[in-house]
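Student: My file is target38.cif. It has mmCIF, C-alpha atoms and all ligand atoms:
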data_run
#
loop_
_atom_site.label_atom_id
_atom_site.label_comp_id
_atom_site.auth_asym_id
_atom_site.auth_seq_id
_atom_site.Cartn_x
_atom_site.Cartn_y
_atom_site.Cartn_z
CA MET A 1 155.04 -74.82 124.51
CA THR A 2 152.24 -76.28 122.40
CA ALA A 3 153.35 -79.17 120.21
CA PRO A 4 151.94 -79.04 116.67
CA HIS A 5 148.81 -81.18 116.52
CA ARG A 6 145.42 -81.24 114.90
CA ASP A 7 142.00 -81.58 116.48
CA PHE A 8 138.82 -83.20 115.19
CA LEU A 9 135.97 -81.00 116.35
CA ASN A 10 133.97 -81.11 113.14
CA ILE A 11 134.16 -82.96 109.84
CA ARG A 12 135.65 -79.91 108.11
CA ASP A 13 138.82 -80.43 110.16
CA PHE A 14 139.65 -82.90 107.39
CA SER A 15 139.85 -81.50 103.87
CA ARG A 16 137.82 -82.68 100.88
CA ASP A 17 140.95 -84.47 99.63
CA GLU A 18 141.71 -86.11 102.96
CA LEU A 19 138.26 -87.55 103.68
CA PRO A 20 138.33 -90.28 100.98
CA LEU A 21 141.81 -91.25 102.20
CA LEU A 22 140.50 -91.44 105.77
CA PHE A 23 137.70 -93.75 104.58
CA SER A 24 140.23 -95.94 102.75
CA LEU A 25 142.36 -96.18 105.89
CA ALA A 26 139.27 -97.17 107.92
CA GLU A 27 138.42 -99.79 105.28
CA ARG A 28 141.94 -101.25 105.54
CA MET A 29 141.37 -101.44 109.29
CA ARG A 30 138.00 -103.15 108.78
CA SER A 31 139.46 -105.73 106.38
CA GLY A 32 142.39 -106.55 108.68
CA GLU A 33 144.93 -105.43 106.08
CA TYR A 34 146.16 -102.68 108.42
CA THR A 35 148.20 -104.25 111.21
CA ALA A 36 150.34 -101.33 112.47
CA ARG A 37 150.12 -100.25 116.12
CA PRO A 38 150.81 -96.51 115.91
CA LEU A 39 149.43 -95.82 119.41
CA THR A 40 151.99 -98.03 121.16
CA GLY A 41 152.96 -96.32 124.41
CA LYS A 42 150.23 -93.69 123.93
CA ALA A 43 147.10 -92.95 125.92
CA LEU A 44 143.69 -91.42 125.16
CA ALA A 45 141.66 -89.70 127.90
CA MET A 46 137.90 -90.03 127.33
CA ILE A 47 135.73 -87.47 129.12
CA PHE A 48 132.03 -88.35 129.13
CA MET A 49 129.69 -85.67 130.48
CA LYS A 50 126.81 -87.66 128.92
CA ALA A 51 126.01 -91.38 128.69
CA SER A 52 127.46 -93.60 125.96
CA THR A 53 127.66 -97.20 124.86
CA ARG A 54 129.07 -97.15 121.32
CA THR A 55 131.42 -94.18 121.60
CA ARG A 56 132.97 -95.36 124.83
CA VAL A 57 133.53 -98.97 123.83
CA SER A 58 134.62 -98.28 120.24
CA PHE A 59 137.24 -95.72 121.33
CA GLU A 60 138.43 -97.99 124.15
CA VAL A 61 138.74 -101.07 121.96
CA GLY A 62 140.08 -99.06 119.02
CA ALA A 63 142.87 -97.51 121.09
CA ALA A 64 143.83 -100.98 122.39
CA GLN A 65 143.86 -102.47 118.87
CA LEU A 66 146.26 -99.70 117.81
CA GLY A 67 148.58 -100.52 120.72
CA GLY A 68 147.49 -97.75 123.10
CA THR A 69 145.34 -97.34 126.18
CA ALA A 70 142.10 -95.42 126.81
CA HIS A 71 140.98 -93.96 130.11
CA PHE A 72 137.28 -93.43 130.89
CA LEU A 73 136.56 -90.26 132.90
CA SER A 74 133.02 -89.43 134.01
CA PRO A 75 131.80 -86.39 135.97
CA ARG A 76 130.88 -88.71 138.82
CA ASP A 77 134.55 -89.53 139.25
CA VAL A 78 136.66 -86.62 137.98
CA GLN A 79 136.95 -83.06 139.28
CA LEU A 80 135.26 -81.60 136.16
CA GLY A 81 132.02 -82.77 137.75
CA ARG A 82 132.82 -80.66 140.83
CA GLY A 83 133.57 -77.57 138.78
CA GLU A 84 137.30 -77.78 137.96
CA PRO A 85 137.62 -75.56 134.87
CA VAL A 86 137.90 -77.21 131.46
CA PRO A 87 141.18 -75.41 130.59
CA ASP A 88 142.83 -76.60 133.83
CA THR A 89 141.66 -80.13 133.13
CA ALA A 90 143.02 -79.96 129.58
CA ARG A 91 146.42 -78.70 130.69
CA VAL A 92 146.77 -81.46 133.26
CA LEU A 93 145.55 -84.26 130.99
CA ALA A 94 147.99 -83.16 128.28
CA ARG A 95 150.84 -84.00 130.70
CA TYR A 96 149.64 -87.62 130.86
CA VAL A 97 148.00 -88.49 127.55
CA GLN A 98 148.52 -87.99 123.83
CA GLY A 99 144.86 -87.35 122.96
CA ILE A 100 141.57 -86.31 124.56
CA MET A 101 138.14 -87.47 123.40
CA ILE A 102 135.23 -85.59 124.94
CA ARG A 103 131.44 -85.94 124.87
CA THR A 104 129.77 -82.90 126.38
CA PHE A 105 126.95 -80.37 126.11
CA ALA A 106 128.12 -76.93 124.90
CA HIS A 107 130.28 -77.02 121.79
CA ALA A 108 132.11 -73.97 123.18
CA ASP A 109 133.56 -76.23 125.90
CA ILE A 110 135.25 -78.48 123.35
CA GLU A 111 136.60 -75.46 121.49
CA LEU A 112 138.03 -74.19 124.77
CA LEU A 113 139.56 -77.58 125.46
CA ALA A 114 141.14 -77.64 122.02
CA ALA A 115 142.47 -74.11 122.44
CA THR A 116 144.15 -74.85 125.75
CA GLY A 117 145.17 -78.50 125.53
CA ASP A 118 148.52 -79.39 123.99
CA VAL A 119 147.22 -82.65 122.52
CA PRO A 120 144.65 -83.54 119.84
CA VAL A 121 141.02 -83.20 120.93
CA ILE A 122 138.36 -85.42 119.35
CA ASN A 123 134.64 -84.59 119.45
CA GLY A 124 132.68 -87.59 120.74
CA LEU A 125 129.39 -85.59 120.49
CA THR A 126 128.31 -82.14 121.56
CA ASP A 127 124.90 -80.49 121.39
CA LEU A 128 126.06 -79.04 118.06
CA SER A 129 127.64 -81.95 116.20
CA HIS A 130 128.56 -85.65 116.12
CA PRO A 131 131.29 -85.89 113.48
CA CYS A 132 132.66 -89.36 114.36
CA GLN A 133 129.19 -90.84 113.94
CA VAL A 134 128.47 -89.21 110.58
CA LEU A 135 131.86 -90.27 109.18
CA ALA A 136 130.96 -93.84 110.29
CA ASP A 137 127.62 -93.39 108.54
CA VAL A 138 129.24 -92.26 105.28
CA LEU A 139 131.65 -95.20 105.57
CA THR A 140 128.56 -97.44 105.79
CA VAL A 141 127.13 -95.80 102.66
CA ARG A 142 130.40 -96.56 100.84
CA GLN A 143 130.29 -100.14 102.09
CA HIS A 144 126.71 -100.83 100.97
CA LEU A 145 126.11 -98.51 98.01
CA GLY A 146 129.63 -98.56 96.54
CA GLY A 147 130.17 -94.82 97.12
CA TYR A 148 128.39 -91.73 98.31
CA GLU A 149 128.60 -89.57 95.18
CA ASN A 150 125.34 -90.93 93.74
CA ALA A 151 123.62 -91.56 97.02
CA PRO A 152 121.09 -88.83 97.90
CA VAL A 153 120.43 -88.78 101.63
CA ALA A 154 117.15 -87.98 103.40
CA TRP A 155 117.30 -86.90 107.04
CA ILE A 156 113.93 -87.23 108.82
CA GLY A 157 113.17 -85.46 112.10
CA ASP A 158 115.12 -83.28 114.48
CA GLY A 159 117.64 -80.76 113.13
CA ASN A 160 120.05 -81.83 115.85
CA ASN A 161 123.77 -82.59 116.25
CA MET A 162 123.53 -85.51 113.81
CA ALA A 163 121.68 -83.42 111.22
CA ASN A 164 124.33 -80.70 111.47
CA SER A 165 127.16 -83.15 110.85
CA TRP A 166 125.26 -84.66 107.89
CA ILE A 167 125.01 -81.15 106.42
CA GLU A 168 128.76 -80.74 106.77
CA ALA A 169 129.40 -84.14 105.18
CA ALA A 170 127.16 -83.29 102.22
CA ALA A 171 128.95 -79.97 101.73
CA LEU A 172 132.41 -81.56 101.81
CA LEU A 173 131.69 -84.80 99.95
CA GLY A 174 129.18 -83.52 97.40
CA PHE A 175 126.13 -85.76 97.85
CA PRO A 176 122.59 -84.32 97.85
CA LEU A 177 120.89 -84.01 101.26
CA ARG A 178 117.23 -83.26 102.02
CA LEU A 179 116.28 -82.71 105.63
CA ALA A 180 112.61 -82.93 106.65
CA CYS A 181 112.23 -81.10 109.96
CA PRO A 182 109.17 -79.67 111.74
CA GLU A 183 108.97 -75.92 112.16
CA GLY A 184 111.11 -74.82 115.08
CA TYR A 185 113.38 -77.89 114.87
CA GLU A 186 115.57 -76.86 111.95
CA PRO A 187 119.33 -77.55 111.86
CA ASP A 188 121.91 -75.01 113.03
CA ALA A 189 121.89 -71.84 110.90
CA GLY A 190 125.71 -71.70 110.87
CA PHE A 191 126.01 -75.21 109.43
CA LEU A 192 123.36 -74.42 106.80
CA ALA A 193 125.22 -71.23 105.85
CA TYR A 194 128.46 -73.24 105.59
CA ALA A 195 126.73 -75.61 103.16
CA MET A 196 125.24 -72.77 101.12
CA ASP A 197 128.65 -71.04 100.87
CA ALA A 198 130.11 -74.32 99.63
CA GLY A 199 127.42 -74.52 96.93
CA ALA A 200 126.13 -77.76 98.47
CA ASP A 201 122.93 -79.49 97.36
CA VAL A 202 121.33 -79.25 100.82
CA GLN A 203 117.69 -78.38 101.37
CA VAL A 204 115.38 -78.22 104.41
CA VAL A 205 111.78 -79.21 103.72
CA ARG A 206 108.77 -79.87 105.96
CA ASP A 207 107.31 -83.02 104.41
CA PRO A 208 109.21 -86.31 104.98
CA ARG A 209 107.59 -87.72 101.82
CA GLU A 210 109.17 -84.94 99.79
CA ALA A 211 112.58 -85.55 101.36
CA VAL A 212 112.74 -89.27 100.55
CA VAL A 213 111.93 -89.08 96.81
CA GLY A 214 114.96 -90.55 95.01
CA ALA A 215 116.89 -90.98 98.28
CA ARG A 216 119.17 -94.02 98.63
CA VAL A 217 119.91 -93.36 102.29
CA ILE A 218 117.13 -92.69 104.81
CA THR A 219 118.28 -91.72 108.26
CA THR A 220 116.84 -90.36 111.48
CA ASP A 221 117.55 -89.96 115.17
CA VAL A 222 115.72 -89.77 118.49
CA TRP A 223 113.13 -87.03 118.95
CA ALA A 224 114.67 -85.88 122.24
CA SER A 225 118.47 -85.89 122.46
CA MET A 226 120.50 -86.21 125.64
CA GLY A 227 119.82 -83.15 127.77
CA GLN A 228 116.34 -82.62 126.22
CA GLU A 229 114.51 -85.25 128.26
CA VAL A 230 112.13 -82.68 129.81
CA GLU A 231 110.95 -81.76 126.28
CA GLN A 232 110.00 -85.36 125.45
CA ALA A 233 106.20 -84.89 125.69
CA ALA A 234 106.19 -81.76 123.49
CA ARG A 235 108.52 -83.40 121.01
CA VAL A 236 106.33 -86.51 120.65
CA VAL A 237 103.60 -84.16 119.42
CA ALA A 238 105.89 -82.08 117.15
CA PHE A 239 107.45 -85.16 115.51
CA ALA A 240 104.31 -87.32 115.22
CA ASP A 241 104.43 -87.19 111.39
CA TYR A 242 108.18 -87.80 111.23
CA GLN A 243 108.43 -91.55 111.73
CA VAL A 244 110.49 -93.62 109.31
CA ASN A 245 108.17 -96.53 108.59
CA ALA A 246 107.47 -98.94 105.73
CA ASP A 247 105.27 -96.43 103.93
CA LEU A 248 108.01 -93.79 103.94
CA MET A 249 110.70 -96.30 102.90
CA SER A 250 108.49 -97.40 99.97
CA ARG A 251 108.66 -93.84 98.58
CA ALA A 252 112.51 -93.83 98.45
CA ALA A 253 114.77 -95.50 95.89
CA ARG A 254 114.29 -99.28 95.64
CA ASP A 255 117.83 -99.98 96.90
CA ALA A 256 117.62 -97.44 99.76
CA ILE A 257 119.27 -98.32 103.06
CA PHE A 258 118.20 -97.20 106.52
CA LEU A 259 120.70 -95.76 109.02
CA HIS A 260 120.31 -94.71 112.67
CA CYS A 261 123.16 -93.71 114.98
CA LEU A 262 121.46 -95.52 117.90
CA PRO A 263 120.16 -95.74 120.54
CA ALA A 264 116.76 -95.97 118.79
CA HIS A 265 113.20 -95.76 120.06
CA ARG A 266 111.10 -98.24 118.08
CA GLY A 267 107.60 -96.86 117.55
CA GLU A 268 108.79 -93.25 117.76
CA GLU A 269 111.30 -92.03 115.13
CA VAL A 270 111.46 -95.46 113.44
CA SER A 271 109.12 -98.43 113.23
CA ALA A 272 110.42 -101.83 114.33
CA GLU A 273 109.81 -103.28 110.87
CA VAL A 274 112.22 -100.75 109.32
CA ILE A 275 115.07 -100.83 111.84
CA ASP A 276 114.85 -104.61 112.11
CA GLY A 277 114.07 -105.09 108.40
CA PRO A 278 116.09 -105.95 105.28
CA GLN A 279 116.99 -102.36 104.36
CA SER A 280 118.49 -101.56 107.76
CA ARG A 281 122.29 -101.31 108.04
CA VAL A 282 122.40 -100.05 111.62
CA TRP A 283 124.66 -102.82 112.99
CA ASP A 284 127.31 -102.31 110.30
CA GLU A 285 126.94 -98.58 110.98
CA ALA A 286 127.66 -99.13 114.68
CA GLU A 287 130.65 -101.35 113.81
CA ASN A 288 132.03 -98.66 111.53
CA ARG A 289 132.42 -96.34 114.53
CA LEU A 290 135.34 -98.56 115.54
CA HIS A 291 137.05 -98.45 112.14
CA ILE A 292 136.68 -94.73 111.42
CA GLN A 293 137.74 -93.73 114.94
CA LYS A 294 140.81 -95.95 114.69
CA ALA A 295 141.65 -94.14 111.47
CA ILE A 296 141.15 -90.76 113.17
CA MET A 297 143.30 -91.73 116.17
CA ALA A 298 146.01 -93.19 113.95
CA VAL A 299 146.26 -89.90 112.04
CA LEU A 300 145.88 -87.45 114.94
CA MET A 301 147.79 -89.34 117.64
CA GLY A 302 149.84 -91.95 115.81
CA GLY A 303 151.45 -89.99 113.00
CA GLU A 304 149.76 -92.10 110.29
CA ALA A 305 149.84 -90.29 106.95
CA LEU A 306 146.77 -89.98 104.72
CA ARG A 307 147.87 -91.08 101.27
N1 LIG A 401 125.66 -93.34 118.46
C1 LIG A 401 126.31 -93.07 119.60
O1 LIG A 401 127.10 -92.14 119.72
O2 LIG A 401 126.06 -93.98 120.59
P1 LIG A 401 126.44 -93.84 122.12
O3 LIG A 401 125.61 -92.72 122.69
O4 LIG A 401 126.08 -95.18 122.72
O5 LIG A 401 127.90 -93.54 122.24
N1 LIG A 402 121.12 -86.80 118.94
C1 LIG A 402 121.45 -87.82 119.91
C2 LIG A 402 122.55 -88.70 119.41
C3 LIG A 402 122.94 -89.81 120.33
C4 LIG A 402 124.10 -90.62 119.82
C5 LIG A 402 121.83 -87.15 121.22
O1 LIG A 402 122.52 -86.12 121.18
O2 LIG A 402 121.43 -87.64 122.27
#
Could you rewrite the structure in this file as structure tokens?
Tutor:
Amino acid sequence: MTAPHRDFLNIRDFSRDELPLLFSLAERMRSGEYTARPLTGKALAMIFMKASTRTRVSFEVGAAQLGGTAHFLSPRDVQLGRGEPVPDTARVLARYVQGIMIRTFAHADIELLAATGDVPVINGLTDLSHPCQVLADVLTVRQHLGGYENAPVAWIGDGNNMANSWIEAAALLGFPLRLACPEGYEPDAGFLAYAMDAGADVQVVRDPREAVVGARVITTDVWASMGQEVEQAARVVAFADYQVNADLMSRAARDAIFLHCLPAHRGEEVSAEVIDGPQSRVWDEAENRLHIQKAIMAVLMGGEALR
């Protein structure tokens, strides 16, 4: 029988009312005020069908800080890589662990995992979305701009998994979002429709200079995501005018911050002077992965209440 549990496949799995409470919990974890160990005796399985530095280490360390353990599973080592079906894997893992984090390609695979597993499933990135990262990003906006309500965001570049999760965040949290994407590289139509239905202030434009006017957060991502390496040459051409550099930053609000989920390619989507410059908050952003994911695990696996 399936025990009652909740998954985190996309940001909308938390309600508009819950998200600020989740950020507050993560902030108590960052400050050291939160000392509970709600994962004591519990285990998280981490399935990585793609590479990772931040996601792997922040979940591993976060689970340990909450009193639990985390178990790294890669296709080189586990039977998923030899074709064992996802639902079989989920059923077996649920007999050993109290949560599954997965990074994979097709979003449908994570939905299948969530539908068959008897434990919470957490999305550590799919081709469609990267919700843990964007919640860490919004946490960084709160940390540096005092809140997100009056912080218009400009997304520059590929309408990829990160862009989709930013659209969801804007729809749920109510900040304006302009995305500058080249033709043919727009965000997912379903996520855009979700934002439109929610009455969100989300707009896709072509010109990066138009997107950054008034923005207090400028963010971007690699031109070719994991799994798109063969498209790199074509993408370098398509995204040539979509670099976040000093000129573009100078057109945004004076107190604008720069975010990037990392890994970054200096000289492609961002110039070195921006990512390594005074407006960049990318290291705090990376740190915030740890705090927000601890908050997510505490709620989904540890019975922590959002209040
Ligand atoms: N930003 C991010 O998810 O980094 P990793 O690919 O290193 O996990
Ligand atoms: N869009 C990137 C994000 C990496 C964290 C990718 O999917 O590779």
Student: Within 12 Å of (139.4, -79.6, 138.7) (file coordinates; only C-alpha atoms), which protein or nucleic acid residues are there? I'd like them as a PyMOL selection string.
Tutor: chain A and resi 75+77-93
Student: How would you report the residues lying within 12 Å of ligand LIG 401 (chain A), as an mmCIF file with C-alpha atoms, in the coordinates of the input, if you count only C-alpha atoms and all ligand atoms?
Tutor:
data_model
loop_
_atom_site.group_PDB
_atom_site.id
_atom_site.type_symbol
_atom_site.label_atom_id
_atom_site.label_comp_id
_atom_site.auth_asym_id
_atom_site.auth_seq_id
_atom_site.Cartn_x
_atom_site.Cartn_y
_atom_site.Cartn_z
ATOM 1 C CA MET A 46 137.900 -90.030 127.330
ATOM 2 C CA PHE A 48 132.030 -88.350 129.130
ATOM 3 C CA MET A 49 129.690 -85.670 130.480
ATOM 4 C CA LYS A 50 126.810 -87.660 128.920
ATOM 5 C CA ALA A 51 126.010 -91.380 128.690
ATOM 6 C CA SER A 52 127.460 -93.600 125.960
ATOM 7 C CA THR A 53 127.660 -97.200 124.860
ATOM 8 C CA ARG A 54 129.070 -97.150 121.320
ATOM 9 C CA THR A 55 131.420 -94.180 121.600
ATOM 10 C CA ARG A 56 132.970 -95.360 124.830
ATOM 11 C CA VAL A 57 133.530 -98.970 123.830
ATOM 12 C CA SER A 58 134.620 -98.280 120.240
ATOM 13 C CA PHE A 59 137.240 -95.720 121.330
ATOM 14 C CA GLU A 60 138.430 -97.990 124.150
ATOM 15 C CA MET A 101 138.140 -87.470 123.400
ATOM 16 C CA ILE A 102 135.230 -85.590 124.940
ATOM 17 C CA ARG A 103 131.440 -85.940 124.870
ATOM 18 C CA THR A 104 129.770 -82.900 126.380
ATOM 19 C CA ASN A 123 134.640 -84.590 119.450
ATOM 20 C CA GLY A 124 132.680 -87.590 120.740
ATOM 21 C CA LEU A 125 129.390 -85.590 120.490
ATOM 22 C CA THR A 126 128.310 -82.140 121.560
ATOM 23 C CA ASP A 127 124.900 -80.490 121.390
ATOM 24 C CA SER A 129 127.640 -81.950 116.200
ATOM 25 C CA HIS A 130 128.560 -85.650 116.120
ATOM 26 C CA PRO A 131 131.290 -85.890 113.480
ATOM 27 C CA CYS A 132 132.660 -89.360 114.360
ATOM 28 C CA GLN A 133 129.190 -90.840 113.940
ATOM 29 C CA VAL A 134 128.470 -89.210 110.580
ATOM 30 C CA LEU A 135 131.860 -90.270 109.180
ATOM 31 C CA ALA A 136 130.960 -93.840 110.290
ATOM 32 C CA ASP A 137 127.620 -93.390 108.540
ATOM 33 C CA ASN A 161 123.770 -82.590 116.250
ATOM 34 C CA MET A 162 123.530 -85.510 113.810
ATOM 35 C CA THR A 220 116.840 -90.360 111.480
ATOM 36 C CA ASP A 221 117.550 -89.960 115.170
ATOM 37 C CA VAL A 222 115.720 -89.770 118.490
ATOM 38 C CA SER A 225 118.470 -85.890 122.460
ATOM 39 C CA MET A 226 120.500 -86.210 125.640
ATOM 40 C CA LEU A 259 120.700 -95.760 109.020
ATOM 41 C CA HIS A 260 120.310 -94.710 112.670
ATOM 42 C CA CYS A 261 123.160 -93.710 114.980
ATOM 43 C CA LEU A 262 121.460 -95.520 117.900
ATOM 44 C CA PRO A 263 120.160 -95.740 120.540
ATOM 45 C CA ALA A 264 116.760 -95.970 118.790
ATOM 46 C CA VAL A 282 122.400 -100.050 111.620
ATOM 47 C CA TRP A 283 124.660 -102.820 112.990
ATOM 48 C CA GLU A 285 126.940 -98.580 110.980
ATOM 49 C CA ALA A 286 127.660 -99.130 114.680
ATOM 50 C CA GLU A 287 130.650 -101.350 113.810
ATOM 51 C CA ASN A 288 132.030 -98.660 111.530
ATOM 52 C CA ARG A 289 132.420 -96.340 114.530
ATOM 53 C CA LEU A 290 135.340 -98.560 115.540
ATOM 54 C CA GLN A 293 137.740 -93.730 114.940
#
Student: Taking all atoms listed in the file into account, name the residue in A:Phe258, A:Leu300, A:Arg142, A:Ala246 that is nearest to A:Leu9.
Tutor: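 Smallest distance to A:Leu9 is found for A:Leu300.
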Student: Calculated over only C-alpha atoms, which of the candidates A:Asn150, A:Glu231, A:Gln243, A:Leu145 has the smallest distance to A:Gln279?
Tutor: A:Leu145
Student: For ligand LIG 402 (chain A), which residue among A:Pro182, A:Pro38, A:Pro20, A:Pro187 is the nearest when counting only C-alpha atoms and all ligand atoms?
Tutor: A:Pro187
Student: Return as lines of an AutoDock Vina configuration file the centre and edge lengths, in Å with one decimal, of the box along x, y and z that encloses every atom of stretch 204-209 of chain A in the file, padded by 8 Å per side.
Tutor:
center_x = 111.3
center_y = -83.0
center_z = 103.9
size_x = 24.1
size_y = 25.5
size_z = 20.1
Student: Considering all atoms listed in the file, state which residue in the set A:His291, A:Leu248, A:Asp7, A:Asp207 is at the smallest distance from A:Thr116.
Tutor: A:Asp7
Student: Calculated over only C-alpha atoms and all ligand atoms, which of the candidates A:Val274, A:Ala169, A:Ala26, A:Ala163 has the smallest distance to ligand LIG 402 (chain A)?
Tutor: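 Smallest distance to ligand LIG 402 (chain A) is found for A:Ala163.
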Student: So which one's closest to ligand LIG 402 (chain A), A:Val212, A:Val141, A:Val236, A:Ala106? Using all atoms listed in the file, please.
Tutor: A:Ala106
Student: Which distance in Å separates atom CA of A:Val244 and atom CA of A:Ala215, to one decimal?
Tutor: 13.0 Å
Student: Skipping near chain neighbours, those fewer than 5 positions away, what residues fall within 9 Å of A:Tyr148 using only C-alpha atoms, listed as a list in words?
Tutor: Val138, Leu139, Val141, Arg142, Leu173, Gly174 and Phe175 of chain A
Student: List as number ranges by chain the protein and nucleic acid residues near A:Val97, meaning an atom at most 12 Å away when only C-alpha atoms are counted, but skip any in the same chain fewer than 3 places from it.
Tutor: A: 39, 41-46, 68-71, 89-94, 100-101, 117-121, 301
Student: Can you measure atom CA of A:Ala189 to atom CA of A:Asn245 for me? One decimal in Å is fine.
Tutor: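 Separation between atom CA of A:Ala189 and atom CA of A:Asn245: 28.3 Å.
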Student: Which polymer residues have any atom within 8 Å of an atom of A:Val202, counting all atoms listed in the file, with same-chain residues fewer than 5 positions away left out, as a count of residues only?
Tutor: 10
Student: Rounded to one decimal place, report the atom CA of A:Ala154-atom CA of A:Ser280 distance in Å.
Tutor: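 These atoms are spaced 14.3 Å apart.
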Student: Residues within 10 Å of A:Ala252, please, as a ChimeraX atom specification. Count only C-alpha atoms; anything in the same chain fewer than 2 positions from it doesn't count.
Tutor: /A:152-154,209-218,247-250,254-257
Student: Kindly export the residues of the current selection with C-alpha atoms, as an mmCIF file, in the coordinates of the input.
Tutor:
data_model
loop_
_atom_site.group_PDB
_atom_site.id
_atom_site.type_symbol
_atom_site.label_atom_id
_atom_site.label_comp_id
_atom_site.auth_asym_id
_atom_site.auth_seq_id
_atom_site.Cartn_x
_atom_site.Cartn_y
_atom_site.Cartn_z
ATOM 1 C CA PRO A 152 121.090 -88.830 97.900
ATOM 2 C CA VAL A 153 120.430 -88.780 101.630
ATOM 3 C CA ALA A 154 117.150 -87.980 103.400
ATOM 4 C CA ARG A 209 107.590 -87.720 101.820
ATOM 5 C CA GLU A 210 109.170 -84.940 99.790
ATOM 6 C CA ALA A 211 112.580 -85.550 101.360
ATOM 7 C CA VAL A 212 112.740 -89.270 100.550
ATOM 8 C CA VAL A 213 111.930 -89.080 96.810
ATOM 9 C CA GLY A 214 114.960 -90.550 95.010
ATOM 10 C CA ALA A 215 116.890 -90.980 98.280
ATOM 11 C CA ARG A 216 119.170 -94.020 98.630
ATOM 12 C CA VAL A 217 119.910 -93.360 102.290
ATOM 13 C CA ILE A 218 117.130 -92.690 104.810
ATOM 14 C CA ASP A 247 105.270 -96.430 103.930
ATOM 15 C CA LEU A 248 108.010 -93.790 103.940
ATOM 16 C CA MET A 249 110.700 -96.300 102.900
ATOM 17 C CA SER A 250 108.490 -97.400 99.970
ATOM 18 C CA ARG A 254 114.290 -99.280 95.640
ATOM 19 C CA ASP A 255 117.830 -99.980 96.900
ATOM 20 C CA ALA A 256 117.620 -97.440 99.760
ATOM 21 C CA ILE A 257 119.270 -98.320 103.060
#
Student: Around (117.0, -85.3, 115.3) in the file's frame, which residues reach within 6 Å when counting all atoms listed in the file? Return as number ranges by chain?
Tutor: A: 157-160, 221-223
